[in-house]
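So this block is input_38.pdb, PDB, C-alpha atoms:
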```pdb
ATOM      1  CA  TYR A 230      61.775  33.388 189.805
ATOM      2  CA  LEU A 231      62.550  29.784 188.866
ATOM      3  CA  ASP A 232      66.234  30.442 189.575
ATOM      4  CA  GLU A 233      65.303  31.847 192.979
ATOM      5  CA  LEU A 234      63.239  28.767 193.841
ATOM      6  CA  PHE A 235      66.084  26.505 192.751
ATOM      7  CA  PHE A 236      68.732  28.254 194.863
ATOM      8  CA  LYS A 237      66.397  28.276 197.867
ATOM      9  CA  GLY A 238      66.363  24.493 197.641
ATOM     10  CA  LYS A 239      62.677  24.210 196.795
ATOM     11  CA  SER A 240      61.263  20.980 195.416
ATOM     12  CA  ALA A 241      61.540  20.498 191.668
ATOM     13  CA  ASN A 242      57.765  19.942 191.695
ATOM     14  CA  ASP A 243      57.226  23.659 192.303
ATOM     15  CA  GLY A 244      58.479  24.703 188.857
ATOM     16  CA  PRO A 245      56.065  22.644 186.720
ATOM     17  CA  LYS A 246      53.185  23.616 189.011
ATOM     18  CA  LEU A 247      53.976  27.290 188.478
ATOM     19  CA  ILE A 248      54.132  26.943 184.689
ATOM     20  CA  ALA A 249      50.952  24.831 184.662
ATOM     21  CA  GLY A 250      49.130  27.498 186.668
ATOM     22  CA  LEU A 251      50.245  30.232 184.276
ATOM     23  CA  LYS A 252      49.185  28.234 181.223
ATOM     24  CA  TYR A 253      45.797  27.541 182.802
ATOM     25  CA  SER A 254      45.218  31.243 183.488
ATOM     26  CA  LEU A 255      46.779  32.490 180.230
ATOM     27  CA  PRO A 256      46.456  29.936 177.380
ATOM     28  CA  SER A 257      48.703  32.094 175.171
ATOM     29  CA  LEU A 258      51.653  30.941 177.292
ATOM     30  CA  SER A 259      51.458  27.400 175.900
ATOM     31  CA  ARG A 260      54.416  25.794 174.153
ATOM     32  CA  THR A 261      52.962  26.593 170.735
ATOM     33  CA  GLY A 262      51.576  30.013 171.606
ATOM     34  CA  PRO A 263      53.153  33.427 170.887
ATOM     35  CA  ALA A 264      54.722  33.496 174.363
ATOM     36  CA  SER A 265      56.038  29.968 174.883
ATOM     37  CA  PHE A 266      58.771  30.853 177.443
ATOM     38  CA  PRO A 267      61.508  28.627 175.928
ATOM     39  CA  ARG A 268      64.112  29.636 178.534
ATOM     40  CA  ALA A 269      61.718  28.822 181.377
ATOM     41  CA  PHE A 270      61.106  25.342 180.010
ATOM     42  CA  ARG A 271      64.844  24.842 179.500
ATOM     43  CA  GLY A 272      65.378  25.892 183.108
ATOM     44  CA  LEU A 273      62.751  23.397 184.282
ATOM     45  CA  THR A 274      64.526  20.605 182.406
ATOM     46  CA  VAL A 275      67.842  21.393 184.101
ATOM     47  CA  TRP A 276      66.165  21.827 187.493
ATOM     48  CA  LEU A 277      64.452  18.435 187.281
ATOM     49  CA  GLY A 278      67.758  16.806 186.277
ATOM     50  CA  THR A 279      69.832  18.525 188.960
ATOM     51  CA  ALA A 280      67.361  18.296 191.843
ATOM     52  CA  PRO A 281      64.919  15.428 191.172
ATOM     53  CA  THR A 282      61.428  15.548 192.594
ATOM     54  CA  ALA A 283      60.806  14.047 196.019
ATOM     55  CA  GLU A 284      59.985  10.351 195.792
ATOM     56  CA  ARG A 285      57.204   8.614 197.645
ATOM     57  CA  LEU A 286      58.977   5.583 199.019
ATOM     58  CA  PRO A 287      57.192   2.268 199.590
ATOM     59  CA  LEU A 288      55.999   1.521 203.101
ATOM     60  CA  PRO A 289      57.094  -1.993 204.163
ATOM     61  CA  SER A 290      54.271  -4.396 204.959
ATOM     62  CA  VAL A 291      55.619  -4.932 208.481
ATOM     63  CA  CYS A 292      55.043  -1.206 209.100
ATOM     64  CA  SER A 293      51.649  -1.038 207.384
ATOM     65  CA  ALA A 294      50.516  -4.122 209.330
ATOM     66  CA  ALA A 295      51.552  -2.476 212.595
ATOM     67  CA  MET A 296      49.612   0.651 211.611
ATOM     68  CA  VAL A 297      46.479  -1.328 210.739
ATOM     69  CA  VAL A 298      46.591  -3.253 214.037
ATOM     70  CA  THR A 299      47.214  -0.075 216.044
ATOM     71  CA  ILE A 300      44.379   1.961 214.489
ATOM     72  CA  SER A 301      41.984  -0.996 214.677
ATOM     73  CA  TYR A 302      42.836  -1.656 218.340
ATOM     74  CA  SER A 303      42.035   1.995 219.067
ATOM     75  CA  GLY A 304      38.490   1.335 217.818
ATOM     76  CA  ASP A 305      38.795   2.902 214.359
ATOM     77  CA  LEU A 306      38.130  -0.199 212.259
ATOM     78  CA  GLU A 307      37.053   1.888 209.272
ATOM     79  CA  THR A 308      40.478   3.455 208.830
ATOM     80  CA  GLY A 309      42.142   0.066 209.269
ATOM     81  CA  HIS A 310      39.951  -1.300 206.485
ATOM     82  CA  ARG A 311      40.867   1.651 204.259
ATOM     83  CA  TRP A 312      44.577   1.017 204.664
ATOM     84  CA  LEU A 313      44.235  -2.720 204.070
ATOM     85  CA  LEU A 314      42.240  -2.097 200.914
ATOM     86  CA  GLN A 315      44.741   0.433 199.597
ATOM     87  CA  LEU A 316      47.637  -1.927 200.282
ATOM     88  CA  ALA A 317      45.938  -4.811 198.460
ATOM     89  CA  THR A 318      44.709  -2.824 195.454
ATOM     90  CA  TYR A 319      47.461  -0.178 194.970
ATOM     91  CA  MET A 320      44.738   2.469 194.834
ATOM     92  CA  ARG A 321      45.553   6.146 195.297
ATOM     93  CA  PRO A 322      44.365   7.636 198.633
ATOM     94  CA  GLY A 323      41.779   9.794 196.883
ATOM     95  CA  GLU A 324      40.401   6.807 195.013
ATOM     96  CA  VAL A 325      39.893   4.919 198.267
ATOM     97  CA  ASP A 326      38.232   7.960 199.843
ATOM     98  CA  ASN A 327      35.742   8.291 196.966
ATOM     99  CA  LEU A 328      34.581   4.680 196.868
ATOM    100  CA  LYS A 329      30.820   4.114 196.860
ATOM    101  CA  ALA A 330      28.755   1.012 197.536
ATOM    102  CA  GLU A 331      28.360   0.487 193.788
ATOM    103  CA  SER A 332      32.167   0.445 193.425
ATOM    104  CA  ILE A 333      32.278  -2.979 195.088
ATOM    105  CA  VAL A 334      31.224  -5.933 192.934
ATOM    106  CA  LEU A 335      30.872  -8.951 195.223
ATOM    107  CA  PRO A 336      31.669 -12.524 194.101
ATOM    108  CA  LEU A 337      29.209 -14.526 191.978
ATOM    109  CA  ARG A 338      30.434 -18.001 192.868
ATOM    110  CA  ALA A 339      27.398 -19.680 191.310
ATOM    111  CA  ALA A 340      28.569 -18.409 187.926
ATOM    112  CA  GLY A 341      31.856 -20.336 188.122
ATOM    113  CA  LEU A 342      35.365 -20.193 189.529
ATOM    114  CA  ARG A 343      36.244 -17.153 187.433
ATOM    115  CA  TYR A 344      33.776 -15.069 189.454
ATOM    116  CA  ARG A 345      34.783 -16.139 192.963
ATOM    117  CA  HIS A 346      36.579 -12.905 193.897
ATOM    118  CA  SER A 347      35.375  -9.388 194.621
ATOM    119  CA  VAL A 348      36.164  -6.592 192.163
ATOM    120  CA  ILE A 349      36.724  -2.873 192.762
ATOM    121  CA  LEU A 350      35.260  -0.836 189.902
ATOM    122  CA  LEU A 351      36.773   2.649 189.636
ATOM    123  CA  HIS A 352      35.684   5.662 187.604
ATOM    124  CA  ARG A 353      32.448   4.254 186.249
ATOM    125  CA  HIS A 354      31.486   5.288 182.738
ATOM    126  CA  GLU A 355      28.836   7.631 184.147
ATOM    127  CA  ASP A 356      31.410   9.437 186.314
ATOM    128  CA  LEU A 357      34.539  11.477 185.655
ATOM    129  CA  PRO A 358      37.604   9.596 184.341
ATOM    130  CA  GLY A 359      40.573   8.777 186.533
ATOM    131  CA  LYS A 360      44.009  10.393 186.648
ATOM    132  CA  THR A 361      45.074   8.615 183.446
ATOM    133  CA  GLY A 362      41.849   9.514 181.625
ATOM    134  CA  LEU A 363      40.397   5.981 181.769
ATOM    135  CA  ARG A 364      36.971   4.806 182.924
ATOM    136  CA  ASP A 365      35.615   1.502 184.234
ATOM    137  CA  GLU A 366      38.953   0.389 185.664
ATOM    138  CA  ALA A 367      38.634  -2.937 187.504
ATOM    139  CA  ILE A 368      40.861  -4.284 190.292
ATOM    140  CA  LEU A 369      40.483  -7.951 191.194
ATOM    141  CA  LEU A 370      40.919  -8.929 194.859
ATOM    142  CA  ASP A 371      42.333 -12.327 193.974
ATOM    143  CA  GLN A 372      44.847 -12.535 196.838
ATOM    144  CA  SER A 373      42.963 -10.839 199.664
ATOM    145  CA  PRO A 374      40.466 -13.296 201.196
ATOM    146  CA  GLU A 375      40.566 -11.331 204.470
ATOM    147  CA  LEU A 376      38.821  -8.411 202.737
ATOM    148  CA  GLU A 377      35.908 -10.381 201.261
ATOM    149  CA  GLY A 378      33.850 -10.305 204.455
ATOM    150  CA  VAL A 379      34.774  -6.680 205.131
ATOM    151  CA  LEU A 380      33.551  -5.522 201.718
ATOM    152  CA  ALA A 381      30.353  -7.547 202.020
ATOM    153  CA  ALA A 382      29.603  -5.937 205.389
ATOM    154  CA  LEU A 383      30.340  -2.443 204.045
ATOM    155  CA  THR A 384      27.988  -2.754 201.075
ATOM    156  CA  THR A 385      25.083  -4.808 202.445
ATOM    157  CA  GLY A 386      21.889  -2.763 202.664
ATOM    158  CA  ARG A 387      23.461   0.436 201.342
ATOM    159  CA  PRO A 388      22.154   2.483 198.403
ATOM    160  CA  PRO A 389      24.494   2.148 195.386
ATOM    161  CA  THR A 390      25.542   5.799 195.400
ATOM    162  CA  GLN A 391      26.244   6.013 199.152
ATOM    163  CA  ARG A 392      29.861   6.607 200.104
ATOM    164  CA  LEU A 393      31.652   3.628 201.591
ATOM    165  CA  TRP A 394      33.290   5.534 204.449
ATOM    166  CA  LYS A 395      31.857   7.825 207.092
ATOM    167  CA  ALA A 396      35.056   9.759 207.839
ATOM    168  CA  THR A 397      36.401  12.326 205.382
ATOM    169  CA  GLY A 398      39.807  12.186 203.697
ATOM    170  CA  SER A 399      41.196  14.837 206.032
ATOM    171  CA  VAL A 400      40.228  12.769 209.088
ATOM    172  CA  ARG A 401      41.860   9.719 207.517
ATOM    173  CA  HIS A 402      45.053  11.670 206.847
ATOM    174  CA  GLN A 403      45.193  12.930 210.438
ATOM    175  CA  ALA A 404      44.817   9.355 211.686
ATOM    176  CA  PHE A 405      47.727   8.343 209.445
ATOM    177  CA  VAL A 406      49.982  11.067 210.858
ATOM    178  CA  GLU A 407      49.092  10.267 214.466
ATOM    179  CA  THR A 408      49.637   6.515 214.001
ATOM    180  CA  VAL A 409      53.029   7.107 212.358
ATOM    181  CA  GLU A 410      54.093   9.215 215.342
ATOM    182  CA  LEU A 411      52.737   6.692 217.853
ATOM    183  CA  LEU A 412      54.760   3.863 216.278
ATOM    184  CA  HIS A 413      57.901   6.022 215.934
ATOM    185  CA  LEU A 414      57.974   5.610 212.142
ATOM    186  CA  THR A 415      58.628   9.274 211.356
ATOM    187  CA  ALA A 416      62.212   8.500 210.279
ATOM    188  CA  LEU A 417      60.769   6.716 207.218
ATOM    189  CA  LYS A 418      58.800   9.856 206.279
ATOM    190  CA  PRO A 419      55.803   7.735 205.247
ATOM    191  CA  THR A 420      52.873   9.117 203.273
ATOM    192  CA  PRO A 421      49.475   7.577 202.454
ATOM    193  CA  HIS A 422      50.840   6.931 198.940
ATOM    194  CA  GLY A 423      53.455   4.689 200.563
ATOM    195  CA  LEU A 424      50.754   2.049 201.027
ATOM    196  CA  ARG A 425      50.146   2.057 197.282
ATOM    197  CA  HIS A 426      53.836   1.768 196.459
ATOM    198  CA  GLY A 427      54.485  -0.659 199.283
ATOM    199  CA  GLY A 428      51.846  -3.085 198.073
ATOM    200  CA  ALA A 429      53.363  -3.212 194.589
ATOM    201  CA  SER A 430      56.929  -3.533 195.866
ATOM    202  CA  GLU A 431      55.995  -6.304 198.306
ATOM    203  CA  ASP A 432      54.194  -8.262 195.572
ATOM    204  CA  LEU A 433      57.217  -7.937 193.285
ATOM    205  CA  LEU A 434      59.717  -8.889 195.983
ATOM    206  CA  GLY A 435      57.605 -11.843 197.076
ATOM    207  CA  ARG A 436      57.064 -12.906 193.450
ATOM    208  CA  LYS A 437      53.306 -12.799 193.906
ATOM    209  CA  ARG A 438      52.819 -10.881 190.646
ATOM    210  CA  SER A 439      54.843 -10.219 187.518
ATOM    211  CA  LEU A 440      55.868  -6.745 186.378
ATOM    212  CA  ALA A 441      53.187  -6.861 183.697
ATOM    213  CA  GLU A 442      50.526  -7.755 186.269
ATOM    214  CA  ILE A 443      51.657  -4.984 188.609
ATOM    215  CA  LYS A 444      51.608  -2.464 185.767
ATOM    216  CA  GLN A 445      48.047  -3.435 184.899
ATOM    217  CA  ARG A 446      46.955  -3.392 188.531
ATOM    218  CA  ARG A 447      48.475   0.022 189.124
ATOM    219  CA  ARG A 448      46.917   1.254 185.886
ATOM    220  CA  TYR A 449      50.089   2.796 184.499
ATOM    221  CA  ALA A 450      50.306   3.832 180.874
ATOM    222  CA  SER A 451      54.110   3.835 180.641
ATOM    223  CA  ASP A 452      56.896   1.512 181.752
ATOM    224  CA  MET A 453      58.839   4.515 183.094
ATOM    225  CA  SER A 454      56.198   5.113 185.759
ATOM    226  CA  LEU A 455      56.356   1.444 186.686
ATOM    227  CA  LYS A 456      60.132   1.573 187.132
ATOM    228  CA  THR A 457      59.848   4.718 189.217
ATOM    229  CA  TYR A 458      57.409   3.364 191.766
ATOM    230  CA  THR A 459      58.081  -0.389 191.880
ATOM    231  CA  LYS A 460      61.137  -0.221 194.120
ATOM    232  CA  LYS A 461      61.876  -3.564 195.692
ATOM    233  CA  THR A 462      65.449  -2.524 196.519
ATOM    234  CA  ARG A 463      64.246   0.666 198.202
ATOM    235  CA  LEU A 464      61.713  -1.425 200.087
ATOM    236  CA  MET A 465      64.549  -3.487 201.571
ATOM    237  CA  SER A 466      66.356  -0.269 202.441
ATOM    238  CA  GLU A 467      63.297   1.088 204.237
ATOM    239  CA  ILE A 468      62.956  -2.166 206.223
ATOM    240  CA  GLY A 469      66.604  -1.779 207.232
ATOM    241  CA  LYS A 470      65.835   1.605 208.754
TER     242      LYS A 470
END
```
Represent the structure of the file as structure tokens.
Amino acid sequence: YLDELFFKGKSANDGPKLIAGLKYSLPSLSRTGPASFPRAFRGLTVWLGTAPTAERLPLPSVCSAAMVVTISYSGDLETGHRWLLQLATYMRPGEVDNLKAESIVLPLRAAGLRYRHSVILLHRHEDLPGKTGLRDEAILLDQSPELEGVLAALTTGRPPTQRLWKATGSVRHQAFVETVELLHLTALKPTPHGLRHGGASEDLLGRKRSLAEIKQRRRYASDMSLKTYTKKTRLMSEIGK
């Protein structure tokens, strides 16, 4: 079946998902179990090397800015704020969708200069961990003064556990697709993750942050992941399109 998927030109992501689903349903199919499927795993290795997985390319800031202005001008300020926040923080789309009022820690300027910026607190200790298994991950908004007032307005008077956004993730995704089509950006094949990658690539290209700072901000455990998604040369290529 893996051979069939490969010769049909399917994405290399489909193979690992299939094996992961089988292992979840039948734990005996693990690598160390009595039925470890060594040939299947060898096939996956070759498949991934021959037909790499589809990459989520960075969305240039000139495109993301146009999208934010367009959606905001249409009256949907909430979605514009979502995209701006994702671009500035490198958050995953799902992380932005799940933000609550208590996720935003506003500045405490009276405590000193070190506390003059807002902080996004993800995956609180009381909640489930994030994708990398970590809790209490903090993102400092040290270069986004335009978001300070937005975050203050979103959190003022709200219960701590209330969700930050009214619209669901599916509504946000539909707005993304429609705005891409309206601006004739479909040739770039942008995805909501492109905002995350675009923010990191723009900061690296503009020398706003070092590689180490971007790695910490993106909350990556390995340097390989950082090299995969911090693509300043691909960013220039996308701008050229």
Quick one: residues within 8 Å of region 311-326 of chain A, all atoms listed in the file, excluding same-chain residues fewer than 2 positions away - as a count of residues only?
26
Which residue out of A:Leu247, A:Ser301, A:Ser257, A:Lys239 has the minimum interatomic distance to Trp276 (chain A) when only C-alpha atoms are used?
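Residue with the minimum atom-to-atom distance to Trp276 (chain A): A:Lys239.
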Distance in Å - CA of Thr299 (chain A) versus CA of Phe405 (chain A):
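We find that CA of Thr299 (chain A) and CA of Phe405 (chain A) lie 10.7 Å from each other.
Note that CA of Val348 (chain A) and CA of Leu434 (chain A) are 24.0 Å apart.
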Which residues, written as a ChimeraX atom specification, have at least one atom at most 12 Å from Ala241 (chain A), with only C-alpha atoms counted and residues fewer than 3 positions away on the same chain left out?
/A:231-232,234-238,244-247,272-284
With distances taken over only C-alpha atoms, the candidate from A:Ser240, A:Arg268, A:Ala396, A:Ala416 nearest Leu306 (chain A) is A:Ala396
Å distance separating CA of Thr415 (chain A) from CA of Val291 (chain A), one decimal place
14.8 Å
Sel. within 8 Å of pt (30.0, -4.4, 194.9), counting all atoms listed in the file, output as a PyMOL selection string
chain A and resi 330-335+347-349+380-381+384
